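Here's the structure, in structure tokens; my notes come after.
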Amino acid sequence: MAETQPPVSYPGPAPAPKGWSRIARRSRVPLGFLLAIFFMWFARPTWISLAVGAMLAAPGLLLRAYAAGYVKKDRELTTTGPYAHTRNPLYLGSVIAAAGCGVASRNLWIVVAMLVMFFAIYIPVIRDEEAYLGKIFSGFDEYRKHVPRLLPRLSAFRAGTEVTSGSFSRSLYLRHREYNAVMGAVALLAALAVKILFISGLLHLPLR
């Protein structure tokens with residue numbers, strides 16, 4: 001008779017944040033849309049800025065894709081792959097990709113708006129997420145002592161108490177739908193290319 005494995009229970013969702021963290025979580029999506037409108041309206045890209053920005057954004061998107069293939073949200077403390085170098089590779093990838101888009105826009109105020117949004121909205125979210133991880137995973141405190149929050153360490157961290165799977169999973173990548181970030185970045189850069197053509201007079205919008 002085959003041996004049956006006991007059901008595995010996973011911790012529930014993180015408790016609802018309070019104060020500014022609650023506001024930050026609720027406002028990051030609508031603020032993201034407003035930032036996108038601001039971005040497209042005030043962007044003054046050139047072909048050079050677009051090319052440089054795309055080259056800068058690409059590593060950030062690759063880092064996000066790589067990290068998405070490792071993380072098992074709420075199920076285990078992931079300390080392998082990119083998580084052995086930084087506690088938040090997904091956010092770091094977003095920062096790098098956003099920096100590339102800021103360079104592509106060729107507008108300093110857009111870069112400033114991105115920085116303000118990151119520090120005002122995403123830093124509180126990161127703190128809440130890490131506080132939650134510290135409550136449900138006993139090895140998180142040790143992990144936090146050795147691995148930086150954002151800027152990566154050069155050598156890989158080796159977990160001493162909680163061992164996690166260490167290989168990239170394509171199914172995890174697809175489950176997290178990280179390809180949406182790539183499609184969004186491509187669409188944004190394509191919109192900037194259209195704007196270049198429009199500003200240069202090579203593209204005319206039909207009025208009727």
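Identifiers for the structure tokens are assigned positionally: chains receive A, B, ... in sequence, residues are indexed from 1 per chain, and ligands are indexed from 1 in the order shown.
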Report as an MDAnalysis selection string: the residues of region 41-125 of chain A with a DSSP assignment of alpha helix (DSSP H), based on the backbone of this structure.
chainID A and resid 41:42 47:68 89:105 108:117 123:125
Can I get the selected residues back with N, CA and C atoms, as a compact mmCIF listing (two decimals), in the first residue's frame?
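Result file is part.txt:
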```
# COMPACT_ATOMS: atom_id res chain seq x y z
N TRP A 41 3.49 61.94 -21.72
CA TRP A 41 3.22 63.33 -22.09
C TRP A 41 4.50 64.17 -22.13
N PHE A 42 5.36 63.96 -21.12
CA PHE A 42 6.54 64.81 -20.97
C PHE A 42 7.82 64.19 -21.53
N TRP A 47 16.35 58.74 -30.73
CA TRP A 47 16.71 57.35 -31.03
C TRP A 47 17.87 56.88 -30.16
N ILE A 48 18.79 57.80 -29.86
CA ILE A 48 19.93 57.42 -29.00
C ILE A 48 19.47 57.13 -27.58
N SER A 49 18.64 58.05 -27.01
CA SER A 49 18.16 57.82 -25.65
C SER A 49 17.31 56.56 -25.57
N LEU A 50 16.56 56.28 -26.61
CA LEU A 50 15.73 55.08 -26.64
C LEU A 50 16.60 53.83 -26.66
N ALA A 51 17.65 53.84 -27.45
CA ALA A 51 18.54 52.67 -27.54
C ALA A 51 19.28 52.45 -26.22
N VAL A 52 19.81 53.53 -25.65
CA VAL A 52 20.53 53.42 -24.37
C VAL A 52 19.58 52.97 -23.27
N GLY A 53 18.39 53.55 -23.23
CA GLY A 53 17.42 53.16 -22.21
C GLY A 53 17.01 51.71 -22.32
N ALA A 54 16.82 51.23 -23.55
CA ALA A 54 16.45 49.83 -23.74
C ALA A 54 17.55 48.90 -23.27
N MET A 55 18.81 49.28 -23.53
CA MET A 55 19.94 48.44 -23.08
C MET A 55 20.05 48.42 -21.56
N LEU A 56 19.68 49.54 -20.92
CA LEU A 56 19.72 49.59 -19.46
C LEU A 56 18.55 48.82 -18.84
N ALA A 57 17.39 48.88 -19.48
CA ALA A 57 16.21 48.22 -18.95
C ALA A 57 16.28 46.70 -19.08
N ALA A 58 16.94 46.22 -20.11
CA ALA A 58 16.98 44.78 -20.38
C ALA A 58 17.52 43.96 -19.20
N PRO A 59 18.64 44.34 -18.56
CA PRO A 59 19.11 43.54 -17.42
C PRO A 59 18.12 43.51 -16.26
N GLY A 60 17.38 44.61 -16.06
CA GLY A 60 16.38 44.61 -15.00
C GLY A 60 15.25 43.63 -15.28
N LEU A 61 14.82 43.57 -16.53
CA LEU A 61 13.77 42.63 -16.90
C LEU A 61 14.26 41.19 -16.81
N LEU A 62 15.51 40.96 -17.19
CA LEU A 62 16.08 39.62 -17.07
C LEU A 62 16.20 39.20 -15.61
N LEU A 63 16.58 40.15 -14.73
CA LEU A 63 16.68 39.83 -13.31
C LEU A 63 15.31 39.48 -12.74
N ARG A 64 14.29 40.22 -13.12
CA ARG A 64 12.94 39.90 -12.65
C ARG A 64 12.51 38.50 -13.13
N ALA A 65 12.79 38.21 -14.39
CA ALA A 65 12.42 36.89 -14.93
C ALA A 65 13.17 35.79 -14.19
N TYR A 66 14.45 36.00 -13.93
CA TYR A 66 15.27 35.02 -13.23
C TYR A 66 14.75 34.80 -11.81
N ALA A 67 14.42 35.89 -11.11
CA ALA A 67 13.93 35.78 -9.74
C ALA A 67 12.57 35.10 -9.68
N ALA A 68 11.72 35.37 -10.67
CA ALA A 68 10.38 34.78 -10.67
C ALA A 68 10.43 33.26 -10.79
N PRO A 89 15.23 40.79 -5.30
CA PRO A 89 15.66 40.89 -6.70
C PRO A 89 14.56 41.37 -7.64
N LEU A 90 13.31 41.08 -7.31
CA LEU A 90 12.22 41.55 -8.17
C LEU A 90 12.13 43.07 -8.15
N TYR A 91 12.23 43.65 -6.96
CA TYR A 91 12.19 45.11 -6.86
C TYR A 91 13.45 45.73 -7.46
N LEU A 92 14.59 45.09 -7.25
CA LEU A 92 15.82 45.60 -7.84
C LEU A 92 15.72 45.59 -9.36
N GLY A 93 15.17 44.52 -9.92
CA GLY A 93 14.96 44.46 -11.37
C GLY A 93 14.04 45.56 -11.84
N SER A 94 13.01 45.86 -11.05
CA SER A 94 12.09 46.94 -11.41
C SER A 94 12.80 48.29 -11.41
N VAL A 95 13.66 48.51 -10.42
CA VAL A 95 14.41 49.77 -10.35
C VAL A 95 15.31 49.94 -11.56
N ILE A 96 15.99 48.86 -11.94
CA ILE A 96 16.89 48.92 -13.10
C ILE A 96 16.10 49.18 -14.37
N ALA A 97 14.99 48.46 -14.53
CA ALA A 97 14.16 48.65 -15.72
C ALA A 97 13.58 50.06 -15.76
N ALA A 98 13.14 50.57 -14.61
CA ALA A 98 12.59 51.93 -14.56
C ALA A 98 13.66 52.96 -14.89
N ALA A 99 14.89 52.72 -14.42
CA ALA A 99 15.98 53.63 -14.74
C ALA A 99 16.23 53.68 -16.24
N GLY A 100 16.15 52.52 -16.88
CA GLY A 100 16.31 52.47 -18.33
C GLY A 100 15.22 53.25 -19.04
N CYS A 101 13.98 53.09 -18.56
CA CYS A 101 12.88 53.84 -19.17
C CYS A 101 13.03 55.33 -18.93
N GLY A 102 13.56 55.70 -17.76
CA GLY A 102 13.79 57.11 -17.48
C GLY A 102 14.82 57.71 -18.41
N VAL A 103 15.89 56.96 -18.68
CA VAL A 103 16.91 57.42 -19.63
C VAL A 103 16.30 57.54 -21.02
N ALA A 104 15.47 56.58 -21.39
CA ALA A 104 14.83 56.60 -22.71
C ALA A 104 13.94 57.83 -22.86
N SER A 105 13.30 58.27 -21.77
CA SER A 105 12.40 59.42 -21.84
C SER A 105 13.14 60.73 -22.06
N LEU A 108 14.46 64.78 -17.03
CA LEU A 108 14.90 64.66 -15.64
C LEU A 108 13.74 64.58 -14.68
N TRP A 109 12.64 65.30 -14.97
CA TRP A 109 11.50 65.30 -14.06
C TRP A 109 10.83 63.94 -14.00
N ILE A 110 10.87 63.21 -15.07
CA ILE A 110 10.33 61.85 -15.06
C ILE A 110 11.15 60.96 -14.14
N VAL A 111 12.47 61.10 -14.20
CA VAL A 111 13.35 60.33 -13.32
C VAL A 111 13.08 60.69 -11.87
N VAL A 112 12.91 61.99 -11.58
CA VAL A 112 12.61 62.43 -10.22
C VAL A 112 11.29 61.84 -9.73
N ALA A 113 10.28 61.86 -10.60
CA ALA A 113 8.96 61.30 -10.23
C ALA A 113 9.07 59.81 -9.93
N MET A 114 9.88 59.09 -10.70
CA MET A 114 10.08 57.66 -10.45
C MET A 114 10.75 57.42 -9.11
N LEU A 115 11.76 58.23 -8.78
CA LEU A 115 12.46 58.08 -7.51
C LEU A 115 11.53 58.37 -6.34
N VAL A 116 10.73 59.43 -6.45
CA VAL A 116 9.79 59.77 -5.39
C VAL A 116 8.80 58.64 -5.17
N MET A 117 8.28 58.09 -6.26
CA MET A 117 7.31 57.00 -6.13
C MET A 117 7.94 55.77 -5.50
N ILE A 123 9.20 51.38 -0.85
CA ILE A 123 9.98 51.07 0.35
C ILE A 123 9.08 50.62 1.51
N PRO A 124 7.96 51.32 1.80
CA PRO A 124 7.05 50.82 2.84
C PRO A 124 6.49 49.43 2.53
N VAL A 125 6.20 49.17 1.26
CA VAL A 125 5.69 47.86 0.87
C VAL A 125 6.74 46.78 1.13
```
Which of these residues is nearest to Ile136 (chain A), using only C-alpha atoms: A:Leu77, A:Leu172, A:Ala36, A:Ile199?
A:Leu77
Of A:Lys195, A:Arg87, A:Arg22, A:Lys73, the one sitting nearest Phe140 (chain A) when using only C-alpha atoms is A:Arg87
Give me the residues within 10 Å of Asn107 (chain A) as a list of chain:residue names, counting only C-alpha atoms and dropping any in the same chain fewer than 6 places off.
A:Phe39, A:Phe42, A:Ala43, A:Arg44, A:Pro45
